[in-house]
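**Student:** Take this structure first; my questions come after.
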Amino acid sequence: MSGIFKAISRQRSQVDVAGAGREAITTQFSKGRLDTCGVYGHLSPNEENLLADLWERILDDFDKPLDSIESDPIARPVECDDELERKKAKEVQESSPFEVVKGCMFNQSVAEKCKELGIVSTCGADGELVPKFESQIPDGTLKSVFWSVVREDHPDVLILRFLRARKWDLEKSYKMAIAAVKWRIQEHVEEIVWYGDTANDASLMWKGVSYAHGKDKLGQPIIWSGSCLHHQKDQSYPQLKRYLIWMMETLRQLLAPPIERVCLIMDLTDHSNANMDWPFVKTFLKFLEAYYPECLGICIVYNGPWWFSGVWKLISPLLDPVVASKVQFAQKPEGLLKFIDEKELLEMRGGKDAYTYEYVKPDPEENKLMFDEEGRTAAAEKLRLLQEQFVKATTDWVNAKEGGDDDGFAAASRQRVELSDKVKAAAGELDKYTRARHFYTRTGVLQGSVVDWTKVQNN
């Protein structure tokens with residue numbers, strides 16, 4: 001009998017223990033202590049057992065075609081024909097182009113804007129900043145697609161997100177994870193990561209509708225999102241969705257255990273009805289709930305207008321109760337200072353960091369390694385061999401647990417941690433060949449796996 005079914009039978013007694021004691025977000029900030037319950041490197045014995053059970057289920061299906069595996073339905077937050085919307089946007093761009101912001105035209109990509117500004121690469125035959133996309137997924141099996149999702153994460157970090165999101169229910173966690181993997185194929189996430197912000201809408205990047213800067217009192221990166229900068233008509237829905245996915249994928253690089261979540265500040269200063277965009281809201285909420293679970297640490301709604309309480313009544317039912325509990329409100333800088341140290345808070349919002357967002361344009365030669373096919377092949381092969389070793393260690397780990405071999409389980413667990421670190425490092429090397437450099441690498445905030453906000457803080 002497969003271990004997954006054994007696990008289901010004992011799960012009712014375990015799930016109350018696994019994840020028990022998680023503190024409310026306000027309690028974490030008042031104590032100045034991040035809740036690491038259920039986070040990689042901080043698992044209880046029961047949580048580790050449930051992690052092993054889910055890995056067993058994954059490995060049972062590892063060589064199966066992804067499409068053949070049952071999952072949750074893939075939800076489209078907005079019923080929209082992307083190809084039709086792109087066609088409409090192109091027609092507007094060609095027939096009646098208009099400037100959105102700072103010389104950026106409607107539907108103009110960063111790459112197109114850079115070419116207009118004379119920023120071209122000597123690596124590309126036509127001066128392109130990024131080579132043509134080449135998928136690194138060799139086939140349609142769960143194994144191949146799974147590793148494309150993990151990228152530079154520790155493998156367990158990804159799995160644990162779904163376990164926590166589904167309160168350690170193995171079947172629900174597995175179906176949710178498979179749905180998220182299928183969604184990534186449907187939305188071409190690998191390609192979005194490949195081209196990076198060069199394929200983003202130029203006006204979104206120049207405006208800085210959302211950007212990461214600094215960290216809160218728990219060490220979580222702060223995402224500033226100024227609603228007054230956003231207008232639905234400024235970009236097509238497919239471009240907006242692409243931008244959101246790129247942002248979420250980039251944020252993953254700024255997180256490392258035990259810091260696995262972000263602090264989102266929805267800055268409603270100068271917000272008006274003209275800034276309200278329901279397709280954007282629905283898409284963002286669905287991404288948080290289904291495809292990037294457990295990424296939100298806290299959401300602070302700042303300086304909302306008097307009528308926002310009515311909007312909140314409409315939005316809150318759309319949220320998972322756990323996500324809704326993370327939403328806090330602040331009307332003045334004193335409210336923000338409960339969650340963010342003064343030196344980390346932007347000066348324009350009552351703090352001492354004088355930083356103001358300004359988009360750093362691509363360097364013409366920053367993606368030189370992406371044109372090196374030989375180097376990419378070598379890096380991919382090194383990673384593949386380490387992934388195989390990790391799978392072997394994980395199989396030994398699962399078998400030891402099923403056989404009641406506590407010593408073997410502990411030994412395999414240690415080996416998995418060592419190999420996981422090596423897999424992460426090798427994936428980071430391959431990343432240089434498969435992901436365009438972006439705003440946070442250009443500013444120096446992100447160098448390899450090191451995040452240093454002092455590179456751009458102006459205190």
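Residue numbering restarts at 1 in every chain; chains get A, B, ... in the order shown in the structure tokens, and ligands count up from 1 in that same order.
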Counting only C-alpha atoms, what is within 10 Å of Gly208 of chain A, bar same-chain residues fewer than 3 positions away, as number ranges by chain?
**Tutor:** A: 202-205, 211-212, 224-226, 229-230, 356-359
**Student:** Identify, on the basis of only C-alpha atoms, every residue whose closest approach to Glu99 of chain A does not exceed 10 Å; exclude the query and any residue fewer than 5 positions from it along the same chain; express the result as a list in words.
**Tutor:**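 Answer for this query is Cys104, Met105, Phe106, Asn107, Gln108, Ser203 and Asp234 of chain A.
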**Student:** With N, CA and C atoms retained, write the just-selected residues as a PDB file, in the first residue's frame.
**Tutor:**
ATOM      1  N   CYS A 104       7.181  56.959 -23.294  1.00  0.00           N
ATOM      2  CA  CYS A 104       6.809  55.554 -23.521  1.00  0.00           C
ATOM      3  C   CYS A 104       5.434  55.507 -24.173  1.00  0.00           C
ATOM      4  N   MET A 105       5.355  54.847 -25.324  1.00  0.00           N
ATOM      5  CA  MET A 105       4.104  54.787 -26.069  1.00  0.00           C
ATOM      6  C   MET A 105       3.283  53.576 -25.644  1.00  0.00           C
ATOM      7  N   PHE A 106       1.991  53.643 -25.897  1.00  0.00           N
ATOM      8  CA  PHE A 106       1.100  52.535 -25.576  1.00  0.00           C
ATOM      9  C   PHE A 106       1.576  51.254 -26.250  1.00  0.00           C
ATOM     10  N   ASN A 107       1.629  50.177 -25.477  1.00  0.00           N
ATOM     11  CA  ASN A 107       1.985  48.839 -25.957  1.00  0.00           C
ATOM     12  C   ASN A 107       3.444  48.719 -26.389  1.00  0.00           C
ATOM     13  N   GLN A 108       4.279  49.679 -26.021  1.00  0.00           N
ATOM     14  CA  GLN A 108       5.702  49.632 -26.362  1.00  0.00           C
ATOM     15  C   GLN A 108       6.447  48.862 -25.279  1.00  0.00           C
ATOM     16  N   SER A 203       5.919  51.517 -20.172  1.00  0.00           N
ATOM     17  CA  SER A 203       5.317  52.510 -19.285  1.00  0.00           C
ATOM     18  C   SER A 203       5.191  51.980 -17.863  1.00  0.00           C
ATOM     19  N   ASP A 234      -3.821  52.234 -19.841  1.00  0.00           N
ATOM     20  CA  ASP A 234      -2.423  52.478 -20.200  1.00  0.00           C
ATOM     21  C   ASP A 234      -1.711  51.271 -20.801  1.00  0.00           C
TER      22      ASP A 234
END
**Student:** Can you tell me how far atom CA of Phe29 of chain A sits from atom CA of Leu163 of chain A, in Å to one decimal?
**Tutor:** 24.2 Å
**Student:** Wanna dump the segment 154-252 of chain A-segment 428-434 of chain A contacts at 12 Å for me, each residue with its shortest atom pair and the distance in Å to one decimal, counting only C-alpha atoms, ordered by chain and number, as JSON lines?
**Tutor:**
{"residue": "A:His154", "atom": "CA", "partner": "A:Gly428", "partner_atom": "CA", "distance": 11.0}
{"residue": "A:Glu190", "atom": "CA", "partner": "A:Thr434", "partner_atom": "CA", "distance": 8.8}
{"residue": "A:Glu191", "atom": "CA", "partner": "A:Thr434", "partner_atom": "CA", "distance": 9.1}
{"residue": "A:Ile192", "atom": "CA", "partner": "A:Thr434", "partner_atom": "CA", "distance": 10.5}
{"residue": "A:Val193", "atom": "CA", "partner": "A:Thr434", "partner_atom": "CA", "distance": 7.8}
{"residue": "A:Trp194", "atom": "CA", "partner": "A:Thr434", "partner_atom": "CA", "distance": 5.5}
{"residue": "A:Tyr195", "atom": "CA", "partner": "A:Thr434", "partner_atom": "CA", "distance": 8.6}
{"residue": "A:Gly196", "atom": "CA", "partner": "A:Thr434", "partner_atom": "CA", "distance": 9.8}
**Student:** Using the selection just defined, write its residues with N, CA, C and O atoms as a PDB file, in the first residue's frame.
**Tutor:**
ATOM      1  N   HIS A 154      15.155  26.151  -2.981  1.00  0.00           N
ATOM      2  CA  HIS A 154      15.333  24.818  -2.433  1.00  0.00           C
ATOM      3  C   HIS A 154      14.092  24.030  -2.825  1.00  0.00           C
ATOM      4  O   HIS A 154      12.967  24.538  -2.695  1.00  0.00           O
ATOM      5  N   GLU A 190       8.156  30.257 -18.104  1.00  0.00           N
ATOM      6  CA  GLU A 190       9.577  30.077 -18.410  1.00  0.00           C
ATOM      7  C   GLU A 190      10.051  31.127 -19.410  1.00  0.00           C
ATOM      8  O   GLU A 190      11.147  31.687 -19.276  1.00  0.00           O
ATOM      9  N   GLU A 191       9.225  31.417 -20.403  1.00  0.00           N
ATOM     10  CA  GLU A 191       9.578  32.419 -21.412  1.00  0.00           C
ATOM     11  C   GLU A 191       9.568  33.827 -20.822  1.00  0.00           C
ATOM     12  O   GLU A 191      10.413  34.664 -21.159  1.00  0.00           O
ATOM     13  N   ILE A 192       8.622  34.094 -19.924  1.00  0.00           N
ATOM     14  CA  ILE A 192       8.555  35.400 -19.265  1.00  0.00           C
ATOM     15  C   ILE A 192       9.833  35.648 -18.469  1.00  0.00           C
ATOM     16  O   ILE A 192      10.406  36.747 -18.501  1.00  0.00           O
ATOM     17  N   VAL A 193      10.289  34.621 -17.755  1.00  0.00           N
ATOM     18  CA  VAL A 193      11.530  34.735 -16.984  1.00  0.00           C
ATOM     19  C   VAL A 193      12.713  34.946 -17.918  1.00  0.00           C
ATOM     20  O   VAL A 193      13.617  35.748 -17.633  1.00  0.00           O
ATOM     21  N   TRP A 194      12.729  34.256 -19.043  1.00  0.00           N
ATOM     22  CA  TRP A 194      13.834  34.337 -20.008  1.00  0.00           C
ATOM     23  C   TRP A 194      14.034  35.781 -20.481  1.00  0.00           C
ATOM     24  O   TRP A 194      15.144  36.308 -20.428  1.00  0.00           O
ATOM     25  N   TYR A 195      12.975  36.424 -20.938  1.00  0.00           N
ATOM     26  CA  TYR A 195      13.094  37.787 -21.476  1.00  0.00           C
ATOM     27  C   TYR A 195      13.119  38.860 -20.386  1.00  0.00           C
ATOM     28  O   TYR A 195      13.571  39.984 -20.637  1.00  0.00           O
ATOM     29  N   GLY A 196      12.608  38.523 -19.207  1.00  0.00           N
ATOM     30  CA  GLY A 196      12.671  39.458 -18.091  1.00  0.00           C
ATOM     31  C   GLY A 196      11.945  40.762 -18.359  1.00  0.00           C
ATOM     32  O   GLY A 196      10.968  40.815 -19.108  1.00  0.00           O
TER      33      GLY A 196
END
**Student:** Return the single residue from A:Arg57, A:Arg252, A:Lys182, A:His42 that is closest to Thr395 of chain A, with distances computed using only C-alpha atoms.
**Tutor:**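 Closest candidate: A:Arg57.
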**Student:** For Ala436 of chain A, which residue among A:Glu23, A:Asp341, A:Glu128, A:Asp169 is the nearest when counting only C-alpha atoms?
**Tutor:**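 Distance minimum relative to Ala436 of chain A lands on A:Glu128.
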**Student:** May I ask which of the residues A:Ser227, A:Ser173, A:Gln389, A:Thr454 is the closest one to Asn273 of chain A, counting only C-alpha atoms?
**Tutor:**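 Selected residue with least distance to Asn273 of chain A: A:Ser227.
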**Student:** If you run DSSP on the backbone, which residues of segment 284-337 of chain A are alpha helix (DSSP H), as a PDB file with C-alpha atoms, in the first residue's frame?
**Tutor:**
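Result saved to out-v3.pdb:
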ATOM      1  CA  PHE A 284      -3.513  39.638  -8.517  1.00  0.00           C
ATOM      2  CA  LEU A 285      -5.712  37.959  -5.887  1.00  0.00           C
ATOM      3  CA  LYS A 286      -5.928  34.718  -7.891  1.00  0.00           C
ATOM      4  CA  PHE A 308     -12.448  52.436   0.538  1.00  0.00           C
ATOM      5  CA  SER A 309     -14.188  50.601   3.383  1.00  0.00           C
ATOM      6  CA  GLY A 310     -17.018  49.895   0.936  1.00  0.00           C
ATOM      7  CA  VAL A 311     -14.560  48.554  -1.641  1.00  0.00           C
ATOM      8  CA  TRP A 312     -12.947  46.376   1.025  1.00  0.00           C
ATOM      9  CA  LYS A 313     -16.328  44.765   1.715  1.00  0.00           C
ATOM     10  CA  LEU A 314     -16.409  43.746  -1.955  1.00  0.00           C
ATOM     11  CA  ILE A 315     -12.805  42.533  -2.053  1.00  0.00           C
ATOM     12  CA  PRO A 321      -9.431  33.839   5.148  1.00  0.00           C
ATOM     13  CA  VAL A 322      -5.739  33.411   5.949  1.00  0.00           C
ATOM     14  CA  VAL A 323      -4.806  36.044   3.351  1.00  0.00           C
ATOM     15  CA  ALA A 324      -7.562  38.371   4.596  1.00  0.00           C
ATOM     16  CA  PRO A 333       3.117  57.325   8.878  1.00  0.00           C
ATOM     17  CA  GLU A 334       2.735  56.298  12.523  1.00  0.00           C
ATOM     18  CA  GLY A 335       0.700  53.354  11.314  1.00  0.00           C
ATOM     19  CA  LEU A 336       3.458  52.266   8.928  1.00  0.00           C
TER      20      LEU A 336
END
**Student:** Skip segment 288-303 of chain A itself and residues of its chain fewer than 6 positions away, then list as a PyMOL selection string all residues within 6 Å of it, counting only C-alpha atoms.
**Tutor:** chain A and resi 161+180+261-269+326-331
**Student:** For the residues in the current selection, export C-alpha atoms as a PDB file, in the first residue's frame.
**Tutor:**
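Written file, part.pdb:
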ATOM      1  CA  ARG A 161       4.240  26.454   0.281  1.00  0.00           C
ATOM      2  CA  ALA A 180       0.040  25.598 -10.400  1.00  0.00           C
ATOM      3  CA  ARG A 261       7.058  36.148   2.298  1.00  0.00           C
ATOM      4  CA  VAL A 262       6.839  39.830   1.411  1.00  0.00           C
ATOM      5  CA  CYS A 263       5.321  42.951   2.908  1.00  0.00           C
ATOM      6  CA  LEU A 264       2.971  44.544   0.377  1.00  0.00           C
ATOM      7  CA  ILE A 265       2.054  48.210   0.823  1.00  0.00           C
ATOM      8  CA  MET A 266      -0.963  49.220  -1.210  1.00  0.00           C
ATOM      9  CA  ASP A 267      -0.402  52.960  -1.209  1.00  0.00           C
ATOM     10  CA  LEU A 268      -3.736  54.637  -1.950  1.00  0.00           C
ATOM     11  CA  THR A 269      -2.452  58.193  -1.651  1.00  0.00           C
ATOM     12  CA  LYS A 326      -2.886  39.555   6.902  1.00  0.00           C
ATOM     13  CA  VAL A 327      -4.475  42.803   5.692  1.00  0.00           C
ATOM     14  CA  GLN A 328      -3.814  45.791   7.954  1.00  0.00           C
ATOM     15  CA  PHE A 329      -4.771  49.447   7.558  1.00  0.00           C
ATOM     16  CA  ALA A 330      -2.715  52.580   8.201  1.00  0.00           C
ATOM     17  CA  GLN A 331      -3.793  56.171   7.599  1.00  0.00           C
TER      18      GLN A 331
END
**Student:** Can you pull out the residues contacting Trp453 of chain A? Cut-off 12 Å, using only C-alpha atoms, and skip same-chain residues under 4 positions away; I want them as an NGL selection string.
**Tutor:** :A and (212-216 or 219-222 or 254 or 343-344 or 353 or 355 or 440-441 or 443-447 or 457-459)
**Student:** Ranking A:Ser71, A:Ser135, A:Gln235, A:Thr27 by minimum distance to Ser109 of chain A and counting only C-alpha atoms, which one comes first?
**Tutor:** A:Gln235
**Student:** Taking only C-alpha atoms into account, which of A:Ala111, A:Cys228, A:Leu170, A:Ala177 comes nearest Asp270 of chain A?
**Tutor:**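 Of the candidates, the smallest distance to Asp270 of chain A is held by A:Cys228.
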**Student:** For Arg86 of chain A, please output as a ChimeraX atom specification all residues within 9 Å (counting only C-alpha atoms; exclusion window: fewer than 5 positions along the same chain).
**Tutor:** /A:81,91,107,236-239
**Student:** Show which residues sit within 8 Å of Lys401 of chain A, as a list in words. Count only C-alpha atoms, and ignore same-chain residues fewer than 5 positions away.
**Tutor:** Asn49, Ala52, Asp406 and Phe409 of chain A
**Student:** Got time to write the residues from that selection, all heavy atoms, as a compact mmCIF listing (two decimals), in the first residue's frame?
**Tutor:**
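result16.txt, written as the output of this step:
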# COMPACT_ATOMS: atom_id res chain seq x y z
N ASN A 49 7.39 14.51 8.34
CA ASN A 49 6.75 13.28 7.86
C ASN A 49 5.75 13.57 6.75
O ASN A 49 5.69 12.86 5.74
CB ASN A 49 6.04 12.58 9.02
CG ASN A 49 6.99 11.79 9.91
OD1 ASN A 49 8.05 11.35 9.46
ND2 ASN A 49 6.64 11.64 11.17
N ALA A 52 7.57 14.32 3.60
CA ALA A 52 8.02 13.08 2.98
C ALA A 52 6.88 12.37 2.26
O ALA A 52 7.05 11.82 1.16
CB ALA A 52 8.65 12.17 4.03
N ASP A 406 14.44 4.98 11.66
CA ASP A 406 14.66 6.35 12.12
C ASP A 406 16.07 6.84 11.83
O ASP A 406 16.27 7.99 11.43
CB ASP A 406 14.39 6.45 13.63
CG ASP A 406 12.91 6.25 13.96
OD1 ASP A 406 12.09 6.39 13.04
OD2 ASP A 406 12.60 5.96 15.12
N PHE A 409 16.34 7.47 8.14
CA PHE A 409 15.56 8.66 7.81
C PHE A 409 16.35 9.92 8.13
O PHE A 409 16.43 10.85 7.33
CB PHE A 409 14.25 8.64 8.59
CG PHE A 409 13.31 9.76 8.26
CD1 PHE A 409 12.65 9.81 7.04
CD2 PHE A 409 13.09 10.78 9.17
CE1 PHE A 409 11.78 10.85 6.73
CE2 PHE A 409 12.22 11.83 8.88
CZ PHE A 409 11.56 11.85 7.66
**Student:** Residues near segment 137-142 of chain A, anyone? I mean within 8 Å using only C-alpha atoms, not counting same-chain ones fewer than 2 positions away, as a ChimeraX atom specification.
**Tutor:** /A:61-67,135,144-146,148
**Student:** I need the residues of segment 140-241 of chain A that end up classed as strand (DSSP E or B) by DSSP on the backbone, written out as a list of chain:residue names.
**Tutor:**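 For segment 140-241 of chain A, the strand (DSSP E or B) set is A:Thr141, A:Asp201, A:Ser210, A:Tyr211, A:Ala212, A:His213, A:Gly214, A:Lys215, A:Pro221, A:Ile222, A:Ile223, A:Trp224, A:Ser225, A:Gly226.
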**Student:** Just the number, please: distance in Å from atom CA of Val360 of chain A to atom CA of Met247 of chain A, one decimal.
**Tutor:**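 Between these atoms lies a distance of 15.5 Å.
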